[in-house]
Structure formats: structure tokens, C-alpha cells
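Report on the structure given below.
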Amino acid sequence: MTARLAILISGRGSNMSAILHETQEGILKNLAEIVVVVSNVCSAPGLDIARAAGIPALCVPSEGKKRQEFEKELLNALASYHPDYIILAGFMRILTPYVVHHYPNRIVNIHPADTSQFKGIGAYKWAFEEGLEETKITVHLIDEGVDTGPVLAQKTVDLRGATTLEDVEERGLAVEHTFYSEVIRDMLTGKINIQEIKS
Ligand code: GAR
């Protein structure tokens with residue numbers, strides 16, 4: 001059965017685009033489909049990319065709203081698309097247990113660092129300023145904490161010789177764009193066993 005993915009974004013949407021490509025003609029073909037893209041920022045360029053591809057793309061604005069009010073609207077928007085998994089791709093909002101418990105072990109995030117080393121936003125800036133020779137991309141499940149959920153997989157990014165933050169980001173994103181779909185594939189095919197990772 002094809003898994004129904006809802007993708008949550010806040011901006012550019014390059015990871016969403018990469019996953020979309022893989023569902024259409026790559027490693028996620030016949031395994032997963034994107035049923036909706038939701039952004040909490042209405043001007044997010046990723047929404048236009050999704051619309052151009054014929055995918056329902058909604059804005060549920062978070063600005064100026066209490067967290068619970070926003071999350072209620074978000075869950076309402078998602079419900080009619082019956083997603084199997086919620087895929088966070090540059091979604092820059094913390095989700096509270098209210099949402100997390102609604103989709104237990106079904107919310108996945110990509111974080112551009114080793115979550116045990118660096119949590120929160122600005123991970124590439126951190127790697128650049130620390131002068132790291134390598135950093136890691138982490139794909140993990142969302143739990144009640146911020147970037148604390150069980151790790152599904154990690155991949156190393158070689159930063160040797162990177163002289164600018166742009167260079168660091170470019171190398172990191174190149175890894176993110178293939179790695180995220182690979183981990184989603186492995187999760188859907190059972191190669192990565194969520195129950196084993198959780199225990
Ligand atoms: C990506 O680098 C993603 O890993 C990061 O935001 C960027 C979104 O780019 N996510 C986080 O930092 C989450 N804490 P995109 O919109 O082009 O996919």
C-alpha cells in the first residue's frame with residue numbers, strides 16, 4: 001500500500017521538492033505519495049512548488065496565534081487528507097504533545113546536525129563557526145522534546161575545505177536531499193524498525 005505523506009514546511013521547501021521527485025520517479029515511487037503540503041508561513045516558496053506539481057498546498061498561519069489554537073487548526077487541516085506520516089521538512093515550529101500524541105511515532109523530522117551535539121535552529125552556522133571537519137544529518141522521530149526523539153538514521157557530511165557558511169550549507173543540503181527519502185523508504189519497507197528503535 002502506498003503511504004500517504006503530509007509534508008510540513010516553513011520556507012524554501014528544497015527537501016519537500018526532493019521527496020516529491022522521489023515519489024514521482026525515484027526510490028519512493030509506489031511506496032509513498034504526498035497528499036498535502038502545509039506551511040505555517042503563507043509566503044513559503046515551497047507552497048508554490050507543491051501547487052505547480054498539482055499537490056494540495058495549504059497555509060495554516062501560526063503568527064500571532066496561541067500555540068494550541070495553531071495546532072488545533074493544523075490538525076483540522078491535516079485530518080481530511082488522512083496522512084499515514086507527517087514529514088517535517090524545514091518546519092520551524094515546535095510541536096507540542098497535543099499534536100505528537102495525535103500521530104504517535106508517525107512524525108519524522110530532518111535535522112542538519114547530530115541531535116546529541118546540537119539542537120534547535122542554526123545548525124549549519126554552528127558547524128561552520130566551530131570549524132568542524134564533518135557534521136551529521138539526523139532523521140528522527142518527533143517526541144515531546146525539541147530534537148530529542150529517537151534517531152532513525154544519521155549520515156556524515158564532509159566539511160573539510162569548506163570556507164564559507166554557504167559552502168557548508170550546500171554540502172549539507174546535497175546530503176539531506178538524498179538521505180531523507182532513503183530513510184523514509186527504509187522506514188516504510190521495515191528495514192528501519194520503529195518499534196526496535198523505540199525500545
Ligand atoms: C534544512 O536544512 C533542514 O534540515 C532544516 O531547515 C532547512 C530547510 O530547508 N531544518 C531544521 O533546521 C529543523 N530544526 P528546505 O526548506 O529547503 O528543505
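Ligands are numbered from 1 in the order shown, residues from 1 within each chain, and chains are lettered A, B, ... in the order they appear in the C-alpha cells.
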
(Q) Can you work out which residues are within 10 Å of ligand 1, considering only C-alpha atoms and all ligand atoms, and then hand them over as a PyMOL selection string? (A) chain A and resi 8-19+44-46+88-94+109-113+115+118-124+137-139+146-147+169-170+172-177+180

Any chance you could export the current selection's C-alpha atoms as an mmCIF file, in the first residue's frame?
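As written to disk, part.cif reads:
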```
data_model
loop_
_atom_site.group_PDB
_atom_site.id
_atom_site.type_symbol
_atom_site.label_atom_id
_atom_site.label_comp_id
_atom_site.auth_asym_id
_atom_site.auth_seq_id
_atom_site.Cartn_x
_atom_site.Cartn_y
_atom_site.Cartn_z
ATOM 1 C CA LEU A 8 5.070 20.397 6.782
ATOM 2 C CA ILE A 9 7.308 23.279 5.708
ATOM 3 C CA SER A 10 8.035 26.870 6.678
ATOM 4 C CA GLY A 11 10.073 28.159 3.745
ATOM 5 C CA ARG A 12 12.090 27.193 0.697
ATOM 6 C CA GLY A 13 10.942 23.598 0.521
ATOM 7 C CA SER A 14 14.002 22.049 -1.099
ATOM 8 C CA ASN A 15 13.678 18.870 0.971
ATOM 9 C CA MET A 16 9.998 18.686 0.067
ATOM 10 C CA SER A 17 10.905 19.030 -3.617
ATOM 11 C CA ALA A 18 13.477 16.262 -3.325
ATOM 12 C CA ILE A 19 10.951 13.918 -1.672
ATOM 13 C CA ALA A 44 6.751 29.994 1.849
ATOM 14 C CA PRO A 45 8.120 29.388 -1.677
ATOM 15 C CA GLY A 46 7.662 25.643 -1.124
ATOM 16 C CA LEU A 88 8.725 17.793 8.756
ATOM 17 C CA ALA A 89 10.931 19.406 6.116
ATOM 18 C CA GLY A 90 12.248 22.738 7.339
ATOM 19 C CA PHE A 91 9.197 23.212 9.561
ATOM 20 C CA MET A 92 10.377 25.785 12.090
ATOM 21 C CA ARG A 93 7.777 25.327 14.817
ATOM 22 C CA ILE A 94 7.901 23.199 17.916
ATOM 23 C CA ASN A 109 12.000 15.275 11.129
ATOM 24 C CA ILE A 110 15.296 16.050 9.407
ATOM 25 C CA HIS A 111 17.808 17.973 11.489
ATOM 26 C CA PRO A 112 21.036 19.294 9.963
ATOM 27 C CA ALA A 113 23.286 18.191 12.848
ATOM 28 C CA THR A 115 20.885 15.926 17.583
ATOM 29 C CA PHE A 118 23.335 20.477 18.535
ATOM 30 C CA LYS A 119 19.593 21.067 18.947
ATOM 31 C CA GLY A 120 17.420 23.908 17.640
ATOM 32 C CA ILE A 121 17.936 26.226 14.703
ATOM 33 C CA GLY A 122 21.200 27.407 13.131
ATOM 34 C CA ALA A 123 22.928 24.018 12.919
ATOM 35 C CA TYR A 124 24.992 24.778 9.797
ATOM 36 C CA ILE A 137 22.406 14.912 9.243
ATOM 37 C CA THR A 138 19.890 13.257 11.574
ATOM 38 C CA VAL A 139 16.472 11.873 10.650
ATOM 39 C CA VAL A 146 12.921 19.598 20.981
ATOM 40 C CA ASP A 147 15.141 17.456 18.717
ATOM 41 C CA GLU A 169 25.010 24.565 3.745
ATOM 42 C CA GLU A 170 25.394 23.481 0.146
ATOM 43 C CA GLY A 172 24.753 19.571 3.890
ATOM 44 C CA LEU A 173 21.696 20.085 1.703
ATOM 45 C CA ALA A 174 23.135 17.851 -1.004
ATOM 46 C CA VAL A 175 23.212 15.050 1.578
ATOM 47 C CA GLU A 176 19.785 15.933 3.016
ATOM 48 C CA HIS A 177 18.144 15.776 -0.402
ATOM 49 C CA TYR A 180 15.709 11.944 3.749
#
```

Sorted by chain and rising residue number, list the residues of stretch 88-173 of chain A at most 9 Å from stretch 183-190 of chain A (counting only C-alpha atoms), each with its closest atom pair and distance in Å to one decimal, as a tab-separated table.
```
residue	atom	partner	partner_atom	distance
A:Val108	CA	A:Ile184	CA	8.7
A:Val139	CA	A:Val183	CA	7.3
A:Leu152	CA	A:Val183	CA	7.3
A:Ala153	CA	A:Val183	CA	6.8
```

I need the chosen residues saved as a compact mmCIF listing (two decimals), in the first residue's frame, with all heavy atoms.
```
# COMPACT_ATOMS: atom_id res chain seq x y z
N VAL A 108 8.08 12.59 11.52
CA VAL A 108 9.51 12.41 11.23
C VAL A 108 10.11 13.78 10.92
O VAL A 108 9.46 14.62 10.29
CB VAL A 108 9.69 11.47 10.01
CG1 VAL A 108 11.16 11.22 9.73
CG2 VAL A 108 8.94 10.15 10.22
N VAL A 139 17.91 12.03 10.87
CA VAL A 139 16.47 11.87 10.65
C VAL A 139 15.93 11.15 11.88
O VAL A 139 16.45 10.09 12.27
CB VAL A 139 16.16 11.11 9.35
CG1 VAL A 139 14.65 10.90 9.20
CG2 VAL A 139 16.71 11.86 8.14
N LEU A 152 16.37 7.70 13.68
CA LEU A 152 16.13 6.65 12.69
C LEU A 152 17.42 6.35 11.93
O LEU A 152 17.74 5.19 11.66
CB LEU A 152 15.03 7.06 11.71
CG LEU A 152 13.64 7.30 12.31
CD1 LEU A 152 12.69 7.84 11.26
CD2 LEU A 152 13.08 6.01 12.90
N ALA A 153 18.16 7.41 11.57
CA ALA A 153 19.43 7.22 10.85
C ALA A 153 20.19 8.54 10.83
O ALA A 153 19.59 9.62 10.96
CB ALA A 153 19.17 6.75 9.42
```

**Q.** alpha helix (DSSP H) call set, DSSP backbone run, stretch 3-178 of chain A, as a PyMOL selection string
**A.** chain A and resi 14-25+45-52+67-79+97-100+123-130+165-178

(Q) Quick check, in Å to one decimal: how far apart do atom CA of A:Ser43 and atom CA of A:Glu63 lie? (A)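 Interatomic distance, atom CA of A:Ser43 to atom CA of A:Glu63: 12.1 Å.
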
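Going from atom CA of A:Asp158 to atom CA of A:Arg171 covers 7.6 Å.
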
Q. Which of these residues is nearest to A:Ala52, using only C-alpha atoms: A:Glu134, A:Ile197, A:Tyr98, A:Leu20?
A.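 Nearest candidate to A:Ala52 out of A:Glu134, A:Ile197, A:Tyr98, A:Leu20: A:Leu20.
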
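Separating atom CA of A:Gln68 from atom CA of A:Gln195 is a distance of 28.8 Å.
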
May I have the residues within 12 Å of A:Pro104 as a tab-separated table (two decimals) with all heavy atoms, in the first residue's frame, using only C-alpha atoms and disregarding those fewer than 6 positions away in the same chain?
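Generated output (selection_20.tsv):
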```tsv
chain	number	residue	atom	x	y	z
A	84	ASP	N	-0.66	9.04	6.67
A	84	ASP	CA	-0.05	7.97	7.48
A	84	ASP	C	1.15	8.52	8.25
A	84	ASP	O	1.43	8.09	9.36
A	84	ASP	CB	0.42	6.82	6.58
A	84	ASP	CG	-0.74	6.16	5.88
A	84	ASP	OD1	-1.72	5.82	6.56
A	84	ASP	OD2	-0.67	6.01	4.64
A	85	TYR	N	1.89	9.43	7.61
A	85	TYR	CA	3.08	10.02	8.24
A	85	TYR	C	3.08	11.53	8.03
A	85	TYR	O	2.65	12.02	6.98
A	85	TYR	CB	4.38	9.44	7.65
A	85	TYR	CG	4.57	8.00	8.03
A	85	TYR	CD1	4.09	6.99	7.19
A	85	TYR	CD2	5.19	7.65	9.21
A	85	TYR	CE1	4.24	5.65	7.55
A	85	TYR	CE2	5.34	6.33	9.57
A	85	TYR	CZ	4.87	5.33	8.75
A	85	TYR	OH	5.01	4.03	9.10
A	86	ILE	N	3.58	12.23	9.03
A	86	ILE	CA	3.80	13.67	8.92
A	86	ILE	C	5.30	13.87	8.78
A	86	ILE	O	6.07	13.46	9.67
A	86	ILE	CB	3.31	14.41	10.21
A	86	ILE	CG1	1.90	13.96	10.62
A	86	ILE	CG2	3.40	15.91	10.03
A	86	ILE	CD1	0.81	14.28	9.64
A	97	PRO	N	2.88	18.14	22.73
A	97	PRO	CA	2.33	16.78	22.86
A	97	PRO	C	0.93	16.65	22.26
A	97	PRO	O	0.52	15.56	21.84
A	97	PRO	CB	2.31	16.56	24.37
A	97	PRO	CG	3.45	17.39	24.86
A	97	PRO	CD	3.46	18.61	23.99
A	98	TYR	N	0.20	17.74	22.19
A	98	TYR	CA	-1.14	17.70	21.60
A	98	TYR	C	-1.11	17.14	20.17
A	98	TYR	O	-1.93	16.30	19.79
A	98	TYR	CB	-1.70	19.14	21.60
A	98	TYR	CG	-3.06	19.31	20.98
A	98	TYR	CD1	-4.19	18.73	21.55
A	98	TYR	CD2	-3.21	20.07	19.83
A	98	TYR	CE1	-5.43	18.90	20.97
A	98	TYR	CE2	-4.46	20.25	19.25
A	98	TYR	CZ	-5.56	19.66	19.83
A	98	TYR	OH	-6.79	19.82	19.25
A	141	LEU	N	12.42	10.58	14.84
A	141	LEU	CA	11.00	10.73	15.17
A	141	LEU	C	10.84	11.91	16.12
A	141	LEU	O	11.75	12.22	16.89
A	141	LEU	CB	10.48	9.46	15.88
A	141	LEU	CG	10.45	8.17	15.06
A	141	LEU	CD1	10.01	7.01	15.95
A	141	LEU	CD2	9.52	8.31	13.86
A	142	ILE	N	9.69	12.53	16.04
A	142	ILE	CA	9.39	13.63	16.97
A	142	ILE	C	8.79	13.05	18.24
A	142	ILE	O	7.87	12.21	18.19
A	142	ILE	CB	8.40	14.61	16.30
A	142	ILE	CG1	9.06	15.36	15.14
A	142	ILE	CG2	7.82	15.59	17.32
A	142	ILE	CD1	10.12	16.39	15.52
A	143	ASP	N	9.34	13.50	19.38
A	143	ASP	CA	8.70	13.16	20.66
A	143	ASP	C	8.33	14.48	21.35
A	143	ASP	O	8.26	15.51	20.69
A	143	ASP	CB	9.61	12.25	21.51
A	143	ASP	CG	10.87	12.96	21.96
A	143	ASP	OD1	11.03	14.17	21.68
A	143	ASP	OD2	11.71	12.30	22.60
A	144	GLU	N	8.13	14.45	22.65
A	144	GLU	CA	7.66	15.66	23.34
A	144	GLU	C	8.73	16.73	23.46
A	144	GLU	O	8.43	17.89	23.74
A	144	GLU	CB	7.14	15.31	24.75
A	144	GLU	CG	5.83	14.56	24.78
A	144	GLU	CD	6.03	13.05	24.64
A	144	GLU	OE1	7.19	12.63	24.37
A	144	GLU	OE2	5.05	12.32	24.79
A	149	GLY	N	13.88	13.24	19.87
A	149	GLY	CA	13.21	11.97	19.53
A	149	GLY	C	14.17	10.91	19.02
A	149	GLY	O	15.29	11.21	18.61
A	194	ILE	N	10.79	0.85	13.57
A	194	ILE	CA	10.50	1.91	14.55
A	194	ILE	C	10.34	1.32	15.96
A	194	ILE	O	10.83	1.89	16.94
A	194	ILE	CB	9.23	2.68	14.12
A	194	ILE	CG1	9.57	3.56	12.92
A	194	ILE	CG2	8.72	3.54	15.26
A	194	ILE	CD1	8.44	4.37	12.38
A	195	GLN	N	9.70	0.18	16.06
A	195	GLN	CA	9.46	-0.39	17.41
A	195	GLN	C	10.78	-0.76	18.07
A	195	GLN	O	10.98	-0.54	19.26
A	195	GLN	CB	8.54	-1.62	17.32
A	195	GLN	CG	7.11	-1.30	16.90
A	195	GLN	CD	6.53	-0.05	17.59
A	195	GLN	OE1	6.77	0.20	18.76
A	195	GLN	NE2	5.79	0.76	16.83
A	198	LYS	N	12.51	2.39	19.20
A	198	LYS	CA	11.83	2.98	20.36
A	198	LYS	C	12.18	2.27	21.66
A	198	LYS	O	12.16	2.85	22.72
A	198	LYS	CB	10.31	2.93	20.17
A	198	LYS	CG	9.77	3.88	19.13
A	198	LYS	CD	9.58	5.28	19.67
A	198	LYS	CE	8.49	5.33	20.73
A	198	LYS	NZ	8.44	6.66	21.36
```

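Nearest to A:Glu129 of all the residues A:Asn193, A:Gln24, A:Thr163, A:Asn76 is A:Thr163, based on only C-alpha atoms.
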
(Q) With only C-alpha atoms as the counted atoms, please give the residues lying no more than 8 Å from A:Val35, apart from itself and same-chain residues fewer than 3 positions off, as a list in words. (A) Arg4, Leu5, Ala6, Ile55, Pro56, Tyr81 and Pro83 of chain A

For the selection you just gave me, I'd like the residues written to a file as a PDB file, in the first residue's frame, keeping C-alpha atoms.
```pdb
ATOM      1  CA  ARG A   4       0.201   8.885   2.499  1.00  0.00           C
ATOM      2  CA  LEU A   5       2.670  11.619   3.443  1.00  0.00           C
ATOM      3  CA  ALA A   6       1.759  15.089   4.680  1.00  0.00           C
ATOM      4  CA  ILE A  55      -0.352  18.809  -4.848  1.00  0.00           C
ATOM      5  CA  PRO A  56      -2.787  20.403  -2.387  1.00  0.00           C
ATOM      6  CA  TYR A  81      -6.106  14.098   3.978  1.00  0.00           C
ATOM      7  CA  PRO A  83      -1.946  11.060   6.336  1.00  0.00           C
TER       8      PRO A  83
END
```

**Q.** Using only C-alpha atoms: which of A:Val36, A:Ile107, A:Leu28, A:Val157 has the shortest distance to A:Ile87
**A.**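 Of A:Val36, A:Ile107, A:Leu28, A:Val157, the one nearest A:Ile87 is A:Ile107, counting only C-alpha atoms.
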
**Q.** Those in stretch 14-118 of chain A with strand (DSSP E) from DSSP, as a PyMOL selection string
**A.** chain A and resi 32-39+57-59+85-88+107-111

Q | A:Ala3 surroundings by only C-alpha atoms, 7 Å radius, close-in-sequence under 6 positions cut, as a list in words | A |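 Listed by chain and then number, they are Leu31, Ala32, Glu33 and Asp84 of chain A.
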
(Q) Restricting the calculation to only C-alpha atoms: of A:Lys29, A:Ile7, A:Leu78, A:Tyr103, which residue gets closest to A:Ala50? (A) A:Ile7
